[in-house]
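Enquirer: Provided herewith: query_38.pdb, PDB, C-alpha atoms, pLDDT in the B column.
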```
ATOM      1  CA  MET A 216      21.733 -23.174  30.269  1.00 63.00           C
ATOM      2  CA  GLY A 217      18.739 -25.435  29.933  1.00 81.00           C
ATOM      3  CA  ALA A 218      16.856 -27.009  27.087  1.00 85.00           C
ATOM      4  CA  GLN A 219      13.294 -26.603  25.938  1.00 89.00           C
ATOM      5  CA  ASN A 220      11.371 -29.165  23.886  1.00 92.00           C
ATOM      6  CA  PHE A 221       9.106 -27.882  21.145  1.00 93.00           C
ATOM      7  CA  GLN A 222       6.444 -29.522  19.020  1.00 94.00           C
ATOM      8  CA  HIS A 223       4.166 -27.908  16.431  1.00 94.00           C
ATOM      9  CA  THR A 224       1.441 -29.185  14.136  1.00 94.00           C
ATOM     10  CA  ILE A 225       0.906 -27.158  10.977  1.00 94.00           C
ATOM     11  CA  GLU A 226      -0.722 -27.462   7.578  1.00 94.00           C
ATOM     12  CA  ALA A 227       1.272 -26.477   4.493  1.00 93.00           C
ATOM     13  CA  ASP A 228       1.872 -27.700   0.962  1.00 92.00           C
ATOM     14  CA  THR A 229       5.570 -28.415   1.552  1.00 93.00           C
ATOM     15  CA  PRO A 230       7.817 -28.925   4.592  1.00 94.00           C
ATOM     16  CA  ASP A 231       9.866 -25.861   3.571  1.00 94.00           C
ATOM     17  CA  GLU A 232       6.748 -23.685   3.672  1.00 93.00           C
ATOM     18  CA  ALA A 233       5.762 -25.149   7.045  1.00 94.00           C
ATOM     19  CA  PHE A 234       9.244 -24.658   8.549  1.00 95.00           C
ATOM     20  CA  ARG A 235       9.482 -21.028   7.393  1.00 93.00           C
ATOM     21  CA  ALA A 236       6.062 -20.244   8.861  1.00 93.00           C
ATOM     22  CA  LEU A 237       6.901 -21.810  12.222  1.00 93.00           C
ATOM     23  CA  VAL A 238      10.262 -20.029  12.433  1.00 91.00           C
ATOM     24  CA  ALA A 239       8.605 -16.700  11.600  1.00 90.00           C
ATOM     25  CA  ASP A 240       5.940 -17.237  14.272  1.00 89.00           C
ATOM     26  CA  ALA A 241       8.537 -18.191  16.889  1.00 88.00           C
ATOM     27  CA  THR A 242      10.695 -15.178  16.072  1.00 86.00           C
ATOM     28  CA  ALA A 243       7.681 -12.865  16.284  1.00 84.00           C
ATOM     29  CA  GLU A 244       6.726 -14.292  19.676  1.00 80.00           C
ATOM     30  CA  TRP A 245      10.082 -14.882  21.344  1.00 72.00           C
ATOM     31  CA  GLY A 246      12.649 -12.913  19.357  1.00 66.00           C
ATOM     32  CA  HIS A 247      16.118 -14.270  18.767  1.00 57.00           C
ATOM     33  CA  GLN A 248      17.302 -13.890  22.390  1.00 50.00           C
ATOM     34  CA  ASP A 249      20.932 -14.160  21.220  1.00 54.00           C
ATOM     35  CA  GLY A 250      20.065 -17.437  19.513  1.00 57.00           C
ATOM     36  CA  TYR A 251      18.774 -19.156  22.679  1.00 67.00           C
ATOM     37  CA  SER A 252      15.023 -18.859  22.389  1.00 69.00           C
ATOM     38  CA  GLY A 253      14.229 -22.454  23.307  1.00 77.00           C
ATOM     39  CA  ALA A 254      12.050 -22.481  20.197  1.00 88.00           C
ATOM     40  CA  ILE A 255      12.186 -23.745  16.641  1.00 90.00           C
ATOM     41  CA  ASN A 256      13.724 -20.493  15.371  1.00 89.00           C
ATOM     42  CA  HIS A 257      17.007 -21.692  16.924  1.00 87.00           C
ATOM     43  CA  LYS A 258      17.180 -24.286  14.116  1.00 91.00           C
ATOM     44  CA  ARG A 259      18.705 -23.580  10.714  1.00 91.00           C
ATOM     45  CA  SER A 260      16.958 -26.394   8.850  1.00 94.00           C
ATOM     46  CA  PHE A 261      14.946 -29.566   9.315  1.00 95.00           C
ATOM     47  CA  ARG A 262      14.960 -33.279   8.522  1.00 95.00           C
ATOM     48  CA  VAL A 263      11.881 -35.178   7.388  1.00 95.00           C
ATOM     49  CA  LEU A 264      11.673 -38.580   9.043  1.00 95.00           C
ATOM     50  CA  PRO A 265      10.046 -41.499   7.222  1.00 94.00           C
ATOM     51  CA  ILE A 266       7.149 -43.051   9.137  1.00 93.00           C
ATOM     52  CA  SER A 267       4.679 -45.855   8.567  1.00 93.00           C
ATOM     53  CA  ASP A 268       0.947 -45.477   7.972  1.00 91.00           C
ATOM     54  CA  ALA A 269       0.344 -46.888  11.446  1.00 91.00           C
ATOM     55  CA  THR A 270       2.557 -44.172  12.970  1.00 92.00           C
ATOM     56  CA  ARG A 271       0.658 -41.465  11.071  1.00 92.00           C
ATOM     57  CA  LYS A 272      -2.505 -42.524  12.883  1.00 91.00           C
ATOM     58  CA  ASN A 273      -0.821 -42.266  16.295  1.00 94.00           C
ATOM     59  CA  PRO A 274       2.462 -40.307  15.954  1.00 94.00           C
ATOM     60  CA  GLN A 275       3.095 -39.282  19.573  1.00 94.00           C
ATOM     61  CA  PRO A 276       4.766 -42.523  20.813  1.00 95.00           C
ATOM     62  CA  PHE A 277       7.170 -42.365  17.839  1.00 95.00           C
ATOM     63  CA  ILE A 278       7.946 -38.690  18.555  1.00 95.00           C
ATOM     64  CA  ASP A 279       8.567 -39.318  22.272  1.00 94.00           C
ATOM     65  CA  ARG A 280      10.844 -42.288  21.558  1.00 95.00           C
ATOM     66  CA  TYR A 281      12.791 -40.504  18.811  1.00 95.00           C
ATOM     67  CA  ARG A 282      13.204 -37.404  20.968  1.00 92.00           C
ATOM     68  CA  HIS A 283      14.597 -39.494  23.819  1.00 92.00           C
ATOM     69  CA  GLU A 284      17.004 -41.504  21.631  1.00 94.00           C
ATOM     70  CA  HIS A 285      18.214 -39.039  18.983  1.00 93.00           C
ATOM     71  CA  VAL A 286      17.348 -35.405  19.656  1.00 93.00           C
ATOM     72  CA  ASP A 287      19.882 -32.991  21.136  1.00 92.00           C
ATOM     73  CA  LYS A 288      19.359 -29.325  21.953  1.00 90.00           C
ATOM     74  CA  TRP A 289      22.459 -28.423  19.903  1.00 92.00           C
ATOM     75  CA  ASP A 290      21.153 -30.010  16.705  1.00 92.00           C
ATOM     76  CA  ASP A 291      21.140 -27.529  13.825  1.00 92.00           C
ATOM     77  CA  TRP A 292      17.882 -28.947  12.561  1.00 93.00           C
ATOM     78  CA  ALA A 293      14.351 -29.670  13.684  1.00 95.00           C
ATOM     79  CA  TYR A 294      12.635 -32.962  12.894  1.00 96.00           C
ATOM     80  CA  ALA A 295       9.495 -33.255  10.800  1.00 96.00           C
ATOM     81  CA  ILE A 296       6.999 -35.978   9.978  1.00 95.00           C
ATOM     82  CA  ASP A 297       4.327 -35.884   7.294  1.00 95.00           C
ATOM     83  CA  LEU A 298       0.921 -36.937   8.600  1.00 94.00           C
ATOM     84  CA  GLY A 299      -0.443 -37.073   5.053  1.00 93.00           C
ATOM     85  CA  ALA A 300      -2.732 -35.083   2.827  1.00 92.00           C
ATOM     86  CA  VAL A 301      -5.766 -33.263   4.210  1.00 90.00           C
ATOM     87  CA  THR A 302      -8.583 -31.736   2.201  1.00 87.00           C
ATOM     88  CA  HIS A 303     -10.747 -28.806   3.277  1.00 82.00           C
ATOM     89  CA  VAL A 304     -13.815 -27.300   1.672  1.00 80.00           C
ATOM     90  CA  VAL A 305     -13.545 -23.511   1.669  1.00 75.00           C
ATOM     91  CA  HIS A 306     -16.313 -21.085   0.880  1.00 73.00           C
ATOM     92  CA  THR A 307     -14.248 -18.176  -0.348  1.00 69.00           C
ATOM     93  CA  PRO A 308     -13.655 -17.347  -4.018  1.00 66.00           C
ATOM     94  CA  GLY A 309     -10.358 -18.070  -5.685  1.00 67.00           C
ATOM     95  CA  PRO A 310      -8.256 -15.456  -7.511  1.00 75.00           C
ATOM     96  CA  ALA A 311     -10.084 -13.290  -9.988  1.00 79.00           C
ATOM     97  CA  THR A 312      -9.927 -14.430 -13.604  1.00 78.00           C
ATOM     98  CA  ARG A 313     -11.956 -11.631 -15.211  1.00 83.00           C
ATOM     99  CA  CYS A 314     -12.250  -7.853 -14.844  1.00 83.00           C
ATOM    100  CA  THR A 315     -15.048  -5.313 -14.914  1.00 85.00           C
ATOM    101  CA  THR A 316     -14.438  -2.013 -16.711  1.00 83.00           C
ATOM    102  CA  THR A 317     -16.065   1.168 -15.390  1.00 83.00           C
ATOM    103  CA  VAL A 318     -16.027   4.666 -16.882  1.00 81.00           C
ATOM    104  CA  VAL A 319     -14.929   7.013 -14.113  1.00 77.00           C
ATOM    105  CA  GLU A 320     -14.843  10.224 -16.146  1.00 75.00           C
ATOM    106  CA  PRO A 321     -16.738  10.287 -19.480  1.00 75.00           C
ATOM    107  CA  HIS A 322     -14.886  11.416 -22.569  1.00 66.00           C
ATOM    108  CA  THR A 323     -14.821  15.057 -23.578  1.00 65.00           C
ATOM    109  CA  GLY A 324     -14.664  16.182 -27.149  1.00 62.00           C
ATOM    110  CA  PRO A 325     -14.995  13.926 -30.186  1.00 58.00           C
ATOM    111  CA  VAL A 326     -14.477  10.191 -29.773  1.00 55.00           C
ATOM    112  CA  ARG A 327     -11.245  10.172 -31.697  1.00 55.00           C
ATOM    113  CA  TRP A 328      -8.390   8.849 -29.611  1.00 52.00           C
ATOM    114  CA  GLU A 329      -4.760   9.557 -29.960  1.00 55.00           C
ATOM    115  CA  THR A 330      -2.565   6.535 -29.275  1.00 56.00           C
ATOM    116  CA  VAL A 331      -1.421   7.695 -25.843  1.00 66.00           C
ATOM    117  CA  TYR A 332      -2.371   6.007 -22.575  1.00 70.00           C
ATOM    118  CA  GLU A 333      -1.419   5.996 -18.904  1.00 75.00           C
ATOM    119  CA  ILE A 334      -2.142   3.134 -16.447  1.00 75.00           C
ATOM    120  CA  THR A 335      -1.828   3.765 -12.715  1.00 76.00           C
ATOM    121  CA  GLY A 336      -2.463   1.666  -9.603  1.00 76.00           C
ATOM    122  CA  ASN A 337      -1.150   0.755  -6.183  1.00 73.00           C
ATOM    123  CA  VAL A 338       0.691  -2.557  -5.940  1.00 69.00           C
ATOM    124  CA  PHE A 339       2.196  -4.135  -2.836  1.00 62.00           C
ATOM    125  CA  ALA A 340       5.873  -4.757  -2.420  1.00 54.00           C
ATOM    126  CA  HIS A 341       7.277  -7.575  -0.265  1.00 50.00           C
ATOM    127  CA  THR A 342       6.328  -5.681   2.914  1.00 50.00           C
ATOM    128  CA  PRO A 343       2.580  -6.110   3.547  1.00 52.00           C
ATOM    129  CA  GLY A 344       0.626  -2.907   3.896  1.00 51.00           C
ATOM    130  CA  GLU A 345       3.113  -0.727   2.049  1.00 55.00           C
ATOM    131  CA  PRO A 346       1.740  -0.059  -1.445  1.00 55.00           C
ATOM    132  CA  ILE A 347       3.866   1.505  -4.138  1.00 58.00           C
ATOM    133  CA  GLN A 348       2.417   3.453  -7.035  1.00 61.00           C
ATOM    134  CA  PHE A 349       2.684   1.786 -10.402  1.00 61.00           C
ATOM    135  CA  ILE A 350       2.606   3.969 -13.529  1.00 64.00           C
ATOM    136  CA  GLN A 351       2.912   2.770 -17.093  1.00 67.00           C
ATOM    137  CA  GLU A 352       2.737   4.990 -20.149  1.00 70.00           C
ATOM    138  CA  GLY A 353       2.852   4.100 -23.774  1.00 70.00           C
ATOM    139  CA  ARG A 354       1.317   4.277 -27.231  1.00 68.00           C
ATOM    140  CA  ALA A 355      -1.526   1.928 -28.036  1.00 70.00           C
ATOM    141  CA  THR A 356      -5.167   1.938 -28.980  1.00 73.00           C
ATOM    142  CA  LYS A 357      -7.777   2.267 -26.266  1.00 77.00           C
ATOM    143  CA  THR A 358      -8.614  -1.442 -26.584  1.00 82.00           C
ATOM    144  CA  GLU A 359      -4.969  -2.434 -26.252  1.00 81.00           C
ATOM    145  CA  ALA A 360      -4.545  -0.193 -23.213  1.00 79.00           C
ATOM    146  CA  ILE A 361      -7.550  -1.771 -21.476  1.00 84.00           C
ATOM    147  CA  LYS A 362      -6.218  -5.250 -22.261  1.00 85.00           C
ATOM    148  CA  ARG A 363      -2.845  -4.358 -20.707  1.00 83.00           C
ATOM    149  CA  ALA A 364      -4.538  -2.916 -17.612  1.00 83.00           C
ATOM    150  CA  LYS A 365      -6.581  -6.099 -17.172  1.00 86.00           C
ATOM    151  CA  GLU A 366      -3.396  -8.176 -17.276  1.00 85.00           C
ATOM    152  CA  LEU A 367      -1.906  -5.981 -14.537  1.00 83.00           C
ATOM    153  CA  ALA A 368      -5.112  -6.101 -12.464  1.00 83.00           C
ATOM    154  CA  LEU A 369      -5.178  -9.897 -12.512  1.00 86.00           C
ATOM    155  CA  THR A 370      -1.456 -10.186 -11.800  1.00 84.00           C
ATOM    156  CA  HIS A 371      -1.609  -7.890  -8.758  1.00 81.00           C
ATOM    157  CA  GLN A 372      -5.278  -8.569  -7.852  1.00 82.00           C
ATOM    158  CA  THR A 373      -6.051  -4.872  -7.512  1.00 82.00           C
ATOM    159  CA  THR A 374      -7.710  -2.056  -9.454  1.00 84.00           C
ATOM    160  CA  PHE A 375      -5.840  -0.098 -12.131  1.00 83.00           C
ATOM    161  CA  ARG A 376      -6.957   3.163 -13.716  1.00 82.00           C
ATOM    162  CA  ILE A 377      -6.445   3.903 -17.417  1.00 80.00           C
ATOM    163  CA  THR A 378      -6.373   7.332 -18.968  1.00 79.00           C
ATOM    164  CA  VAL A 379      -6.556   7.504 -22.756  1.00 71.00           C
ATOM    165  CA  ALA A 380      -5.895  11.000 -24.044  1.00 67.00           C
ATOM    166  CA  LYS A 381      -6.249  13.092 -27.151  1.00 60.00           C
ATOM    167  CA  LYS A 382      -3.775  15.844 -26.607  1.00 59.00           C
ATOM    168  CA  PRO A 383      -4.112  18.287 -25.031  1.00 52.00           C
ATOM    169  CA  VAL A 384      -7.517  18.029 -23.281  1.00 50.00           C
ATOM    170  CA  HIS A 385      -9.796  15.342 -24.730  1.00 62.00           C
ATOM    171  CA  ARG A 386      -9.669  12.408 -22.367  1.00 67.00           C
ATOM    172  CA  GLU A 387     -11.610   9.558 -20.792  1.00 74.00           C
ATOM    173  CA  THR A 388     -10.718   7.704 -17.572  1.00 80.00           C
ATOM    174  CA  LEU A 389     -11.690   4.112 -16.844  1.00 80.00           C
ATOM    175  CA  GLU A 390     -11.021   1.614 -14.070  1.00 82.00           C
ATOM    176  CA  VAL A 391     -10.565  -2.134 -14.399  1.00 82.00           C
ATOM    177  CA  THR A 392     -11.253  -4.152 -11.244  1.00 83.00           C
ATOM    178  CA  PRO A 393     -10.651  -7.879 -10.692  1.00 79.00           C
ATOM    179  CA  LYS A 394     -13.969  -9.697 -10.501  1.00 80.00           C
ATOM    180  CA  PRO A 395     -13.728 -12.728  -8.192  1.00 71.00           C
ATOM    181  CA  PRO A 396     -15.542 -15.763  -9.546  1.00 67.00           C
ATOM    182  CA  ALA A 397     -18.612 -17.010  -7.756  1.00 66.00           C
ATOM    183  CA  VAL A 398     -17.993 -19.565  -5.030  1.00 63.00           C
ATOM    184  CA  PRO A 399     -19.281 -23.022  -6.018  1.00 66.00           C
ATOM    185  CA  LYS A 400     -22.446 -23.951  -4.151  1.00 67.00           C
ATOM    186  CA  ASN A 401     -20.657 -26.635  -2.167  1.00 68.00           C
ATOM    187  CA  GLY A 402     -17.427 -24.659  -1.811  1.00 72.00           C
ATOM    188  CA  ARG A 403     -14.116 -25.513  -3.413  1.00 72.00           C
ATOM    189  CA  ARG A 404     -11.798 -28.271  -2.267  1.00 78.00           C
ATOM    190  CA  VAL A 405      -8.262 -27.361  -1.177  1.00 82.00           C
ATOM    191  CA  THR A 406      -5.727 -30.111  -0.463  1.00 89.00           C
ATOM    192  CA  THR A 407      -2.575 -29.626   1.589  1.00 92.00           C
ATOM    193  CA  HIS A 408      -0.450 -31.648   4.055  1.00 94.00           C
ATOM    194  CA  ARG A 409      -0.361 -31.782   7.826  1.00 94.00           C
ATOM    195  CA  TRP A 410       3.106 -31.770   9.427  1.00 95.00           C
ATOM    196  CA  ILE A 411       4.518 -32.153  12.909  1.00 95.00           C
ATOM    197  CA  PHE A 412       7.819 -30.447  13.683  1.00 96.00           C
ATOM    198  CA  PHE A 413       9.602 -31.264  16.930  1.00 96.00           C
ATOM    199  CA  GLY A 414      12.978 -30.962  18.584  1.00 94.00           C
ATOM    200  CA  SER A 415      14.853 -29.381  21.457  1.00 92.00           C
ATOM    201  CA  ALA A 416      16.624 -26.026  21.728  1.00 90.00           C
ATOM    202  CA  PRO A 417      18.752 -24.241  24.349  1.00 88.00           C
ATOM    203  CA  ASP A 418      17.077 -21.537  26.407  1.00 78.00           C
TER
END
```
How would this structure read if it were set down as structure tokens?

Expert:
Amino acid sequence: MGAQNFQHTIEADTPDEAFRALVADATAEWGHQDGYSGAINHKRSFRVLPISDATRKNPQPFIDRYRHEHVDKWDDWAYAIDLGAVTHVVHTPGPATRCTTTVVEPHTGPVRWETVYEITGNVFAHTPGEPIQFIQEGRATKTEAIKRAKELALTHQTTFRITVAKKPVHRETLEVTPKPPAVPKNGRRVTTHRWIFFGSAPD
């Protein structure tokens, strides 16, 4: 059984977030292979090593020396160093903070609403791409129902449909859709950290 060195550079807000992402990528690419993938997904955790500002500017000699002197393929952990904060300018809007309301089906009958509403929409569970239908019913005014639907739309960042009914047939259907804010002319600044994870694992 041999050993395989690994080294990854990644940007993430925290070392935990970075480690989870690297393990997930390694598992997707190599699988578990009975625990001997030769990759970072063989490790159960990580240790962050303190480094100087000079090392941050040129980390590879430190990594090579530390790997030679301290790293073993049977370690339960990977090793991580923080290269410091990095800031990017992105030109995509942030999460929506307001909604637009559209009448999908105009009301029928007199505009006199009974305090009955239904809100429906598709929200995503933990598994991406698998929406589940959300339905909420209750008693409230039309204004209160729209307010509740907007809260749901902004929480789940998706469109919800409201039906306010006057039993049995008088009804109006509306949709509330998150409205992404305009992107600032010069983009918005996003700050995160750049990490290097390294180690050795059996293969």

Enquirer: Please write as a VMD selection string the full residue list that the PyMOL selection byres ((chain A and resi 409) around 6) yields on this file.

Expert: chain A and resid 225 to 226 298 to 299 408 410

Enquirer: Apply the PyMOL selection byres ((chain A and resi 227-243) around 9) to the file shown and report the selected residues as a short mmCIF file (atom, residue, chain, number, x, y, z; two decimals) with C-alpha atoms, in the frame of the given file.

Expert:
```cif
data_model
loop_
_atom_site.label_atom_id
_atom_site.label_comp_id
_atom_site.auth_asym_id
_atom_site.auth_seq_id
_atom_site.Cartn_x
_atom_site.Cartn_y
_atom_site.Cartn_z
CA HIS A 223 4.17 -27.91 16.43
CA ILE A 225 0.91 -27.16 10.98
CA GLU A 226 -0.72 -27.46 7.58
CA GLU A 244 6.73 -14.29 19.68
CA TRP A 245 10.08 -14.88 21.34
CA GLY A 246 12.65 -12.91 19.36
CA HIS A 247 16.12 -14.27 18.77
CA SER A 252 15.02 -18.86 22.39
CA ALA A 254 12.05 -22.48 20.20
CA ILE A 255 12.19 -23.74 16.64
CA ASN A 256 13.72 -20.49 15.37
CA HIS A 257 17.01 -21.69 16.92
CA LYS A 258 17.18 -24.29 14.12
CA SER A 260 16.96 -26.39 8.85
CA PHE A 261 14.95 -29.57 9.32
CA VAL A 263 11.88 -35.18 7.39
CA ALA A 293 14.35 -29.67 13.68
CA ALA A 295 9.49 -33.26 10.80
CA ILE A 296 7.00 -35.98 9.98
CA ASP A 297 4.33 -35.88 7.29
CA ALA A 300 -2.73 -35.08 2.83
CA THR A 406 -5.73 -30.11 -0.46
CA THR A 407 -2.58 -29.63 1.59
CA HIS A 408 -0.45 -31.65 4.06
CA ARG A 409 -0.36 -31.78 7.83
CA TRP A 410 3.11 -31.77 9.43
CA PHE A 412 7.82 -30.45 13.68
#
```

Enquirer: Write out as a PyMOL selection string each polymer residue whose atoms come within 8 Å of Thr373 (chain A), counting all atoms listed in the file; drop sequence neighbours fewer than 6 positions from it.

Expert: chain A and resi 336-338+392-393

Enquirer: If you measure from CA of His303 (chain A) to CA of Phe277 (chain A), what distance in Å do you get, rounded to one decimal?

Expert: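 Atom-to-atom, CA of His303 (chain A) and CA of Phe277 (chain A) are spaced 26.8 Å apart.
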
Enquirer: Closest to Ala364 (chain A) among A:Glu387, A:Asp279, A:Glu352, A:Asp268, using only C-alpha atoms?

Expert: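 So, comparing all the options, the nearest one is A:Glu352.
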
Enquirer: Rounded to one decimal, what separation in Å do you get between CA of Ser415 (chain A) and CA of Thr224 (chain A)?

Expert: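 Taking CA of Ser415 (chain A) as the start and CA of Thr224 (chain A) as the end point, the length is 15.3 Å.
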
Enquirer: So what do you get for CA of Thr315 (chain A) versus CA of Leu389 (chain A), distance-wise?

Expert: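 Taking CA of Thr315 (chain A) as the start and CA of Leu389 (chain A) as the end point, the length is 10.2 Å.
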
Enquirer: How big is the axis-aligned box around the listed atoms of region 309-321 of chain A once 3 Å is added on each side, and where is its centre? Give both in Å to one decimal, as JSON.

Expert:
```
{"center_x": -12.5, "center_y": -3.9, "center_z": -12.6, "size_x": 14.5, "size_y": 34.4, "size_z": 19.8}
```

Enquirer: Taking (13.0, -25.8, 25.1) in the coordinates of the supplied file, I want to know which residues reach to within 8 Å of it, counting all atoms listed in the file; could you give the answer as a PyMOL selection string?

Expert: chain A and resi 217-221+252-254+288+415-418

Enquirer: In terms of the shortest atom-to-atom distance over all atoms listed in the file, which of A:Val304, A:Val318, A:Leu264, A:Ile334 is closest to Thr378 (chain A)?

Expert: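 Looking at the shortest contact to Thr378 (chain A), the residue is A:Ile334.
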
Enquirer: Counting all atoms listed in the file, which of A:Thr370, A:Thr388, A:Gln222, A:Thr270 gets nearest to Val319 (chain A)?

Expert: A:Thr388

Enquirer: With all atoms listed in the file as the basis for distance, which of A:Arg259, A:Thr317, A:Thr312, A:Lys365 is at the shortest distance from Trp289 (chain A)?

Expert: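 Selected residue with least distance to Trp289 (chain A): A:Arg259.
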